[in-house]
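Asks: Here it is: the structure, laid out below.
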Amino acid sequence: MFLCPMKKLNFSFANNQKPEKGSVLISDPFLNDPYFGRSVVILCEHNDEGTFGFVLNNYLDIDLHKIDSNFPNINARIGFGGPVSKESLFFIHSLGEEVKDSLKIQEELYYGGDFDDVCRILSEKPELNNQIRFFIGYSGWDDKQLDQELEEKTWITVNNIGKKMILDTELKDLWKTALEMQKGKFKTISKFPNNPSDN
């Protein structure tokens, strides 16, 4: 039995969207990185000084209530936001001005603010826990660093991922779902196995 040589696939992972505050980055399927492999990242800021955001689909087995009894016992799923400031807690939310000093990321999505406000709100209304996401650590890029990675086709930038999906900690495969939403060649790329030899 003779096997025909495999044709080399010529998929380009690039797109024409420029990153901005509120954009989402989706990693190349073959990015071999312990922090960013098959990751989806929300950008909370992108300017001439640099970029920062949070990985949305990596999680830690941590119960904040057991670490700090002042934190409401709501069984919040804690994300690992990235390799920078791994000793610090961060959060994004859709509570707007209910959380003092919040910074708007995109429509109905905010970063940070008064942590005491968050604790108070969740203590009074624990059902709002699906409107807040917590992260240990964050992801950061120096000036022009992200632009270089985009030129190397490490990421695609998308702007059609809304706050509902960003705040959802129960979604089974956010990376695949986010790519499929881009349709065309990206839907095909979303089906690539983690290890090409598995195909």
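In the structure tokens, chains take the letters A, B, ... in the order shown, each chain's residues start at 1, and ligands count up from 1 in the order shown.
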Using DSSP on the backbone, list every residue of chain A that comes out as helix (DSSP H, G or I), and give them as a PyMOL selection string.

Replies: chain A and resi 64-67+96-98+115-124+126-131+145-151+163-167+174-180+184-189+196-198

Asks: Skipping near chain neighbours, those fewer than 2 positions away, what residues fall within 7 Å of A:Gly112 using only C-alpha atoms, listed as a PyMOL selection string?

Replies: chain A and resi 90-92+102-103+110+114

Asks: My list of candidates is A:Leu171, A:Asp143, A:Pro34, A:Asn160. Which is closest to A:Lys183 when distances are computed with only C-alpha atoms?

Replies: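 Among the listed residues, A:Asn160 lies closest to A:Lys183.
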
Asks: Which polymer residues have any atom within 12 Å of an atom of A:Phe36, counting only C-alpha atoms, with same-chain residues fewer than 4 positions away left out, as a list of chain:residue names?

Replies: A:Leu25, A:Ile26, A:Ser27, A:Asp28, A:Pro29, A:Phe30, A:Leu31, A:Asn32, A:Val40, A:Val41, A:Phe54, A:Val55, A:Leu56, A:Asn57, A:Asn58, A:Phe80, A:Gly81, A:Gly82, A:Pro83, A:Tyr138, A:Ser139, A:Gly140, A:Thr154, A:Trp155, A:Trp175

Asks: Take the selection from the previous step and output its residues with N, CA, C and O atoms, as a CSV table (one decimal), in the first residue's frame.

Replies:
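File out-v8.csv, as written:
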```csv
chain,number,residue,atom,x,y,z
A,25,LEU,N,-7.6,38.3,22.3
A,25,LEU,CA,-6.6,37.6,21.5
A,25,LEU,C,-6.9,36.1,21.6
A,25,LEU,O,-7.2,35.6,22.7
A,26,ILE,N,-6.8,35.4,20.4
A,26,ILE,CA,-6.9,34.0,20.4
A,26,ILE,C,-5.5,33.4,19.9
A,26,ILE,O,-5.0,33.8,18.9
A,27,SER,N,-5.0,32.5,20.6
A,27,SER,CA,-3.6,32.0,20.3
A,27,SER,C,-3.6,31.1,19.1
A,27,SER,O,-4.6,30.3,18.9
A,28,ASP,N,-2.5,31.0,18.4
A,28,ASP,CA,-2.2,30.1,17.4
A,28,ASP,C,-2.4,28.7,17.9
A,28,ASP,O,-2.0,28.4,19.1
A,29,PRO,N,-3.0,27.7,17.2
A,29,PRO,CA,-3.2,26.4,17.7
A,29,PRO,C,-1.9,25.6,18.1
A,29,PRO,O,-2.0,24.7,19.0
A,30,PHE,N,-0.8,26.0,17.5
A,30,PHE,CA,0.4,25.3,17.8
A,30,PHE,C,1.4,26.1,18.7
A,30,PHE,O,2.6,25.7,18.8
A,31,LEU,N,0.9,27.1,19.3
A,31,LEU,CA,1.7,27.9,20.2
A,31,LEU,C,2.1,27.0,21.4
A,31,LEU,O,1.2,26.6,22.2
A,32,ASN,N,3.4,26.8,21.6
A,32,ASN,CA,3.9,25.9,22.6
A,32,ASN,C,4.4,26.7,23.8
A,32,ASN,O,5.5,27.1,23.9
A,40,VAL,N,-7.2,32.2,25.4
A,40,VAL,CA,-8.0,33.4,25.0
A,40,VAL,C,-7.8,34.5,26.0
A,40,VAL,O,-7.9,34.2,27.2
A,41,VAL,N,-7.4,35.7,25.5
A,41,VAL,CA,-7.0,36.7,26.4
A,41,VAL,C,-7.9,38.0,26.2
A,41,VAL,O,-8.0,38.5,25.0
A,54,PHE,N,-6.1,39.5,30.7
A,54,PHE,CA,-6.2,38.2,31.5
A,54,PHE,C,-6.5,37.1,30.6
A,54,PHE,O,-7.4,37.2,29.7
A,55,VAL,N,-5.9,36.0,30.8
A,55,VAL,CA,-6.2,34.7,30.1
A,55,VAL,C,-7.6,34.3,30.7
A,55,VAL,O,-7.7,34.2,31.9
A,56,LEU,N,-8.5,34.0,29.8
A,56,LEU,CA,-9.9,33.6,30.2
A,56,LEU,C,-10.1,32.2,30.4
A,56,LEU,O,-11.1,31.8,31.1
A,57,ASN,N,-9.2,31.3,29.9
A,57,ASN,CA,-9.6,29.9,29.9
A,57,ASN,C,-8.5,29.0,30.7
A,57,ASN,O,-8.4,27.8,30.4
A,58,ASN,N,-7.8,29.6,31.6
A,58,ASN,CA,-7.0,28.8,32.5
A,58,ASN,C,-7.5,29.1,33.9
A,58,ASN,O,-7.8,30.2,34.3
A,80,PHE,N,-6.4,31.9,36.2
A,80,PHE,CA,-5.0,32.2,36.2
A,80,PHE,C,-4.8,33.2,35.1
A,80,PHE,O,-4.7,32.8,33.9
A,81,GLY,N,-4.7,34.5,35.4
A,81,GLY,CA,-4.7,35.5,34.4
A,81,GLY,C,-3.5,35.7,33.6
A,81,GLY,O,-3.5,36.3,32.5
A,82,GLY,N,-2.4,35.2,34.1
A,82,GLY,CA,-1.1,35.3,33.4
A,82,GLY,C,0.1,35.3,34.4
A,82,GLY,O,-0.1,35.2,35.6
A,83,PRO,N,1.3,35.3,33.9
A,83,PRO,CA,2.5,35.1,34.7
A,83,PRO,C,3.0,36.3,35.4
A,83,PRO,O,4.0,36.2,36.1
A,138,TYR,N,-1.7,38.5,35.9
A,138,TYR,CA,-2.2,39.0,34.6
A,138,TYR,C,-1.1,38.8,33.5
A,138,TYR,O,0.0,38.4,33.8
A,139,SER,N,-1.5,39.1,32.3
A,139,SER,CA,-0.6,39.0,31.2
A,139,SER,C,-0.3,40.4,30.7
A,139,SER,O,-1.1,41.2,30.6
A,140,GLY,N,1.0,40.6,30.5
A,140,GLY,CA,1.5,41.9,30.1
A,140,GLY,C,2.5,41.9,28.9
A,140,GLY,O,3.2,40.9,28.8
A,154,THR,N,1.3,34.9,16.1
A,154,THR,CA,1.1,34.1,17.3
A,154,THR,C,-0.4,34.2,17.7
A,154,THR,O,-0.9,33.3,18.4
A,155,TRP,N,-1.0,35.3,17.4
A,155,TRP,CA,-2.4,35.6,17.8
A,155,TRP,C,-3.2,36.1,16.7
A,155,TRP,O,-2.7,36.7,15.7
A,175,TRP,N,-11.5,28.4,23.7
A,175,TRP,CA,-10.6,28.6,22.6
A,175,TRP,C,-11.2,28.2,21.3
A,175,TRP,O,-11.3,28.9,20.3
```

Asks: Any idea what's packed within 10 Å of A:Glu151, counting only C-alpha atoms, ignoring anything in its chain fewer than 4 positions away? Could you give it as a PDB file with N, CA and C atoms, in the first residue's frame?

Replies:
```
ATOM      1  N   ALA A  14      -3.040  35.016  10.510  1.00  0.00           N
ATOM      2  CA  ALA A  14      -3.118  36.474  10.648  1.00  0.00           C
ATOM      3  C   ALA A  14      -4.525  36.979  10.330  1.00  0.00           C
ATOM      4  N   ASN A  15      -4.836  38.138  10.856  1.00  0.00           N
ATOM      5  CA  ASN A  15      -6.052  38.852  10.454  1.00  0.00           C
ATOM      6  C   ASN A  15      -5.740  40.339  10.443  1.00  0.00           C
ATOM      7  N   LEU A 146       3.568  43.168  21.735  1.00  0.00           N
ATOM      8  CA  LEU A 146       2.405  42.479  21.174  1.00  0.00           C
ATOM      9  C   LEU A 146       2.353  42.647  19.661  1.00  0.00           C
ATOM     10  N   ASP A 147       2.698  43.839  19.155  1.00  0.00           N
ATOM     11  CA  ASP A 147       2.717  44.048  17.710  1.00  0.00           C
ATOM     12  C   ASP A 147       3.656  43.051  17.031  1.00  0.00           C
ATOM     13  N   TRP A 155      -1.022  35.342  17.390  1.00  0.00           N
ATOM     14  CA  TRP A 155      -2.396  35.618  17.821  1.00  0.00           C
ATOM     15  C   TRP A 155      -3.234  36.109  16.656  1.00  0.00           C
ATOM     16  N   ILE A 156      -4.555  35.935  16.785  1.00  0.00           N
ATOM     17  CA  ILE A 156      -5.466  36.742  15.989  1.00  0.00           C
ATOM     18  C   ILE A 156      -6.219  37.643  16.972  1.00  0.00           C
TER      19      ILE A 156
END
```

Asks: Do you know which residues are at most 9 Å from A:Leu60 counting only C-alpha atoms, after dropping those on the same chain fewer than 3 positions away, and could you put them as a list of chain:residue names?

Replies: A:Asp63, A:Arg77, A:Ile78, A:Gly79, A:Phe80, A:Phe135, A:Ile136

Asks: Output the selection as a PDB file, in the first residue's frame - C-alpha atoms for each residue.

Replies:
```pdb
ATOM      1  CA  ASP A  63     -11.172  28.896  47.141  1.00  0.00           C
ATOM      2  CA  ARG A  77     -13.969  29.883  39.943  1.00  0.00           C
ATOM      3  CA  ILE A  78     -10.594  31.649  39.939  1.00  0.00           C
ATOM      4  CA  GLY A  79      -8.741  32.190  36.680  1.00  0.00           C
ATOM      5  CA  PHE A  80      -4.981  32.223  36.203  1.00  0.00           C
ATOM      6  CA  PHE A 135      -7.871  36.231  38.412  1.00  0.00           C
ATOM      7  CA  ILE A 136      -4.558  35.535  40.043  1.00  0.00           C
TER       8      ILE A 136
END
```

Asks: How many Å lie between atom CA of A:Asp142 and atom CA of A:Glu45, rounded to one decimal?

Replies: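 So the answer is 11.7 Å.
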
Asks: Smallest atom-to-atom distance to A:Ile121: which of A:Leu167, A:Leu64, A:Leu179, A:Val99, using only C-alpha atoms?

Replies: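 Looking only at the distances to A:Ile121, the closest residue turns out to be A:Val99.
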
Asks: Looking at A:Ile62, A:Ile67, A:Ala178, A:Ile74, which one is nearest to A:Lys125, with distances taken over only C-alpha atoms?

Replies: A:Ile74

Asks: Choose the residue, out of A:Tyr35, A:Ser123, A:Ile161, A:Lys104, that has the smallest atom-to-atom separation from A:Val84; count only C-alpha atoms.

Replies: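 Of A:Tyr35, A:Ser123, A:Ile161, A:Lys104, the one nearest A:Val84 is A:Tyr35, counting only C-alpha atoms.
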
Asks: Can you list every residue in stretch 21-114 of chain A that DSSP puts in strand (DSSP E), as number ranges by chain?

Replies: A: 24-27, 40-47, 50-55, 59-60, 78-80, 84-93, 103-106, 109-111

Asks: Got a sec: who's within 10 Å of A:Asn130, counting only C-alpha atoms, leaving out chain neighbours fewer than 4 positions off, as a VMD selection string?

Replies: chain A and resid 76 to 77 93 to 94 126 164 167 to 170

Asks: Output all heavy atoms of each residue in that selection to a file, as a PDB file, in the first residue's frame.

Replies:
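Done, and the output landed in out-v4.pdb:
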```pdb
ATOM      1  N   ALA A  76     -16.540  30.920  43.840  1.00  0.00           N
ATOM      2  CA  ALA A  76     -16.100  31.562  42.601  1.00  0.00           C
ATOM      3  C   ALA A  76     -14.966  30.766  41.972  1.00  0.00           C
ATOM      4  O   ALA A  76     -14.048  30.319  42.660  1.00  0.00           O
ATOM      5  CB  ALA A  76     -15.630  32.990  42.894  1.00  0.00           C
ATOM      6  N   ARG A  77     -15.041  30.565  40.665  1.00  0.00           N
ATOM      7  CA  ARG A  77     -13.969  29.883  39.943  1.00  0.00           C
ATOM      8  C   ARG A  77     -12.894  30.913  39.606  1.00  0.00           C
ATOM      9  O   ARG A  77     -13.165  31.921  38.947  1.00  0.00           O
ATOM     10  CB  ARG A  77     -14.517  29.233  38.672  1.00  0.00           C
ATOM     11  CG  ARG A  77     -13.586  28.190  38.089  1.00  0.00           C
ATOM     12  CD  ARG A  77     -14.238  27.452  36.944  1.00  0.00           C
ATOM     13  NE  ARG A  77     -13.386  26.361  36.508  1.00  0.00           N
ATOM     14  CZ  ARG A  77     -13.471  25.771  35.328  1.00  0.00           C
ATOM     15  NH1 ARG A  77     -14.402  26.163  34.470  1.00  0.00           N
ATOM     16  NH2 ARG A  77     -12.654  24.794  35.000  1.00  0.00           N
ATOM     17  N   HIS A  93     -15.703  42.787  35.618  1.00  0.00           N
ATOM     18  CA  HIS A  93     -17.114  42.641  36.001  1.00  0.00           C
ATOM     19  C   HIS A  93     -18.007  43.427  35.050  1.00  0.00           C
ATOM     20  O   HIS A  93     -17.526  44.199  34.205  1.00  0.00           O
ATOM     21  CB  HIS A  93     -17.322  43.130  37.440  1.00  0.00           C
ATOM     22  CG  HIS A  93     -16.926  44.554  37.655  1.00  0.00           C
ATOM     23  ND1 HIS A  93     -17.802  45.599  37.476  1.00  0.00           N
ATOM     24  CD2 HIS A  93     -15.736  45.112  38.029  1.00  0.00           C
ATOM     25  CE1 HIS A  93     -17.183  46.742  37.738  1.00  0.00           C
ATOM     26  NE2 HIS A  93     -15.921  46.484  38.071  1.00  0.00           N
ATOM     27  N   SER A  94     -19.308  43.233  35.213  1.00  0.00           N
ATOM     28  CA  SER A  94     -20.297  43.981  34.418  1.00  0.00           C
ATOM     29  C   SER A  94     -21.201  44.808  35.323  1.00  0.00           C
ATOM     30  O   SER A  94     -22.334  45.131  34.945  1.00  0.00           O
ATOM     31  CB  SER A  94     -21.135  43.010  33.578  1.00  0.00           C
ATOM     32  OG  SER A  94     -21.840  42.099  34.412  1.00  0.00           O
ATOM     33  N   PRO A 126     -25.448  37.210  46.298  1.00  0.00           N
ATOM     34  CA  PRO A 126     -24.526  36.189  45.766  1.00  0.00           C
ATOM     35  C   PRO A 126     -24.886  35.710  44.367  1.00  0.00           C
ATOM     36  O   PRO A 126     -24.029  35.177  43.655  1.00  0.00           O
ATOM     37  CB  PRO A 126     -24.630  35.052  46.793  1.00  0.00           C
ATOM     38  CG  PRO A 126     -25.891  35.306  47.545  1.00  0.00           C
ATOM     39  CD  PRO A 126     -26.089  36.774  47.543  1.00  0.00           C
ATOM     40  N   LYS A 164     -20.824  38.463  27.899  1.00  0.00           N
ATOM     41  CA  LYS A 164     -21.438  37.241  28.421  1.00  0.00           C
ATOM     42  C   LYS A 164     -20.477  36.066  28.330  1.00  0.00           C
ATOM     43  O   LYS A 164     -20.299  35.307  29.287  1.00  0.00           O
ATOM     44  CB  LYS A 164     -22.730  36.925  27.654  1.00  0.00           C
ATOM     45  CG  LYS A 164     -23.468  35.710  28.200  1.00  0.00           C
ATOM     46  CD  LYS A 164     -24.785  35.499  27.472  1.00  0.00           C
ATOM     47  CE  LYS A 164     -25.519  34.275  28.035  1.00  0.00           C
ATOM     48  NZ  LYS A 164     -26.814  34.028  27.320  1.00  0.00           N
ATOM     49  N   LEU A 167     -17.328  36.534  30.695  1.00  0.00           N
ATOM     50  CA  LEU A 167     -17.574  36.305  32.125  1.00  0.00           C
ATOM     51  C   LEU A 167     -17.999  34.874  32.442  1.00  0.00           C
ATOM     52  O   LEU A 167     -18.100  34.514  33.624  1.00  0.00           O
ATOM     53  CB  LEU A 167     -18.646  37.277  32.623  1.00  0.00           C
ATOM     54  CG  LEU A 167     -18.261  38.756  32.621  1.00  0.00           C
ATOM     55  CD1 LEU A 167     -19.459  39.621  32.993  1.00  0.00           C
ATOM     56  CD2 LEU A 167     -17.090  39.039  33.558  1.00  0.00           C
ATOM     57  N   ASP A 168     -18.214  34.067  31.436  1.00  0.00           N
ATOM     58  CA  ASP A 168     -18.690  32.690  31.635  1.00  0.00           C
ATOM     59  C   ASP A 168     -17.526  31.771  32.016  1.00  0.00           C
ATOM     60  O   ASP A 168     -16.638  31.519  31.196  1.00  0.00           O
ATOM     61  CB  ASP A 168     -19.364  32.188  30.351  1.00  0.00           C
ATOM     62  CG  ASP A 168     -20.052  30.844  30.523  1.00  0.00           C
ATOM     63  OD1 ASP A 168     -19.867  30.200  31.577  1.00  0.00           O
ATOM     64  OD2 ASP A 168     -20.772  30.433  29.598  1.00  0.00           O
ATOM     65  N   THR A 169     -17.528  31.259  33.231  1.00  0.00           N
ATOM     66  CA  THR A 169     -16.451  30.366  33.679  1.00  0.00           C
ATOM     67  C   THR A 169     -16.812  28.894  33.499  1.00  0.00           C
ATOM     68  O   THR A 169     -16.041  28.017  33.875  1.00  0.00           O
ATOM     69  CB  THR A 169     -16.111  30.615  35.165  1.00  0.00           C
ATOM     70  OG1 THR A 169     -17.285  30.376  35.957  1.00  0.00           O
ATOM     71  CG2 THR A 169     -15.627  32.031  35.385  1.00  0.00           C
ATOM     72  N   GLU A 170     -17.979  28.609  32.934  1.00  0.00           N
ATOM     73  CA  GLU A 170     -18.415  27.221  32.761  1.00  0.00           C
ATOM     74  C   GLU A 170     -18.285  26.731  31.320  1.00  0.00           C
ATOM     75  O   GLU A 170     -18.524  25.555  31.049  1.00  0.00           O
ATOM     76  CB  GLU A 170     -19.883  27.074  33.208  1.00  0.00           C
ATOM     77  CG  GLU A 170     -20.126  27.466  34.658  1.00  0.00           C
ATOM     78  CD  GLU A 170     -19.293  26.640  35.631  1.00  0.00           C
ATOM     79  OE1 GLU A 170     -19.122  25.433  35.373  1.00  0.00           O
ATOM     80  OE2 GLU A 170     -18.826  27.198  36.631  1.00  0.00           O
TER      81      GLU A 170
END
```

Asks: Point out the residue among A:Lys163, A:Glu107, A:Asp61, A:Lys172 with the least atom-to-atom distance to A:Ile132, counting only C-alpha atoms.

Replies: A:Lys163

Asks: By how many Å are atom CA of A:Cys44 and atom CA of A:Gly113 apart?

Replies: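 Atom CA of A:Cys44 sits 13.1 Å away from atom CA of A:Gly113.
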
Asks: Looking at A:Gln145, A:Thr157, A:Asn73, A:Gln182, which one is nearest to A:Glu49, with distances taken over only C-alpha atoms?

Replies: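 Of the candidates, the smallest distance to A:Glu49 is held by A:Gln145.
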
Asks: In Å, how far is it from atom CA of A:Asn194 to atom CA of A:Ser39?

Replies: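 We find that atom CA of A:Asn194 and atom CA of A:Ser39 lie 12.3 Å from each other.
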